[in-house]
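Below is one structure; the comments refer to it alone.
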Amino acid sequence: MTRPAGLSVQSSLLIAVIGFLTLVDLFATQAILPSLAEHYGVSPSQIGLAANASTLGMAISGLLVGVISGAVERKRAITISLALLAVPTALLSFAPDLTIFALLRVTQGLFMAAAFTLTLAHLAERCAARTAGALAAYVTGVVASNLVGRLTAAYVASLVGAEQSFLFFALLNLCGAGLVAVALDRNAPQPMARKGSFWTGWAEQLSDGPLRRTFAIGFLILFGFIGVFTYVGFVLMRPPHALSMTALGLVFLVFLPSMFTTPLAGTMTGRVGPGIAASSSLALALLGLALLLVPNLLSIITGLALVGVGTFFAQAVATGHVGRIARGDKVAASGLYLSSYYCGGLAGAAAIGFLFDGFGWTAAIGGVFVALGLAAILALSLRPRKFDE
């Protein structure tokens, strides 16, 4: 992984697989939420909030890991994070009630975000001039985790039950730890010189208006994404669609187009600018939301595909934009963005779940439309920064 030219196919595949195994637990649970709701005897909004409690752990971990990331050896820390992730994942199979389930999901989020943040830092340090290609490969693996994770969860749950399917994902966590231990290069810790307290970097970044808008965009993107994909399964498993668990898993093939479009975000941003790239992709997601209200399975599948393409693309643009415009402590800026992003996921699960339980699917989609519409408006203000101003 140290050749001066572009990334080899083998290196790109390796990075993508690591990305997949890092975040496969995050959204796979969404494919089995109806079964889990029945198992625990709770409403869609209750199981939706509990399942997405992992985003709270990720928001906390993203900030904390940013503080200590320079002082730890990346390969060892990533390996340990993924190995420890297997523990709460396996325990989910035996969670006696929804409260324990939610706490285990928070714990999962802590370890997932640690591995995720440290891997991004590792790629930026080890891949040098090929950072863009390495990050594109990693993001592709993360997108694949949304697709394959849901498909696998639905299939495994149909064989052994929704609760026991978590043991399979614990095994995947251990595979990820083993792959990192064998395949990644080591790096020396690189402590950062910090002025003032550890939160000084956060305060500096939060005082930056363009960065605050980007953080808000990230919050709104995952708010909308979680709001749609957490509760659409309940709609599709009810009449008139009445899909089986396996059929519902196949619906999540809608993420396949995103695997090809998301890596293009960097190129498109360079051509048209971050504002046009992000707002246009979010406009596509808004079109997809409208299709979700048509009581036709093909229309809903098409709508889900457009929402996936639009939100993943906008997220890639926003993530890259933070790194390009942040002054000073870029690790703090990235940590704040990820924290805002994942807080949006938890807020989306709660708010859209409330609308879904109380007022139905149309109201839920209306709430998501407002969030993504606001994100599209804010995205219009994104522009490159000249650091010599």
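Chain labels run A, B, ... following the order of the structure tokens; each chain numbers its residues from 1, and ligands are numbered from 1 in the order shown.
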
List every residue of stretch 45-164 of chain A that DSSP, applied to the backbone of this structure, assigns to alpha helix (DSSP H), and report them as a PyMOL selection string.
-> chain A and resi 45-51+54-68+74-91+98-126+131-160

Contacts of A:Thr55 at 12 Å or less, counting only C-alpha atoms, minus same-chain residues fewer than 2 places along, as number ranges by chain?
-> A: 23, 25-27, 48-53, 57-62, 102-113, 219, 222-223, 226, 338-350

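Here atom CA of A:Gly224 stands at a distance of 11.8 Å from atom CA of A:Leu304.
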
Identify which of the residues A:Ala305, A:Arg271, A:Phe312, A:Leu206 lies closest to A:Ala326, counting only C-alpha atoms when measuring atom-to-atom distances.
->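 The answer is A:Leu206, which sits nearest to A:Ala326.
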
Could you give me, as a PyMOL selection string, the residues within 7 Å of stretch 286-301 of chain A, counting only C-alpha atoms and dropping anything in the same chain fewer than 5 positions from it?
-> chain A and resi 251+254+306-307+362+365+369+372

Which is closest to A:Ala144 among A:Gly308, A:Gly275, A:Gly367, A:Pro44, if we use only C-alpha atoms?
->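 Answer, going by the shortest atom-to-atom distance: A:Gly308.
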
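Counting only C-alpha atoms and comparing A:Ala77, A:Val317, A:Leu91, A:Ser158, the residue that lies closest to A:Ile276 is A:Val317.
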
Residues at most 6 Å from stretch 13-16 of chain A, counting only C-alpha atoms, excluding those fewer than 4 positions away in the same chain, as an MDAnalysis selection string?
-> chainID A and resid 137:138 141

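A straight line drawn from atom CA of A:Pro257 to atom CA of A:Gly303 is 12.3 Å long.
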
Between atom CA of A:Gly176 and atom CA of A:Tyr337, measure the distance and give it in Å to one decimal.
->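 These two atoms are separated by 25.0 Å.
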
Quick one: residues within 8 Å of A:Pro210, only C-alpha atoms counted, chain neighbours fewer than 3 positions away excluded, as a PyMOL selection string?
-> chain A and resi 213-214+382

Excluding A:Phe313 and any residue of its chain fewer than 5 positions from it, enumerate the residues within 9 Å of it, using only C-alpha atoms, and give them as a PyMOL selection string.
-> chain A and resi 258+261-265+277-278+281-282+308+318

Would you please work out which residue, of A:Gln46, A:Ala247, A:Ala114, A:Pro34, is nearest to A:Phe101 when using only C-alpha atoms?
-> A:Gln46

Nearest-residue call for A:Leu82, choices A:Leu21, A:Ile352, A:Ala154, A:Leu120, using only C-alpha atoms |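 Using only C-alpha atoms, the shortest distance to A:Leu82 belongs to A:Leu21.
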
Please identify all polymer residues within 9 Å of A:Thr152, counting only C-alpha atoms, omitting same-chain residues fewer than 3 positions from it, and present them as an MDAnalysis selection string.
-> chainID A and resid 28 31 147:149 155:157 249

From the list A:Arg327, A:Gly360, A:Thr117, A:Ala153, the nearest residue to A:Ile68 using only C-alpha atoms is A:Thr117
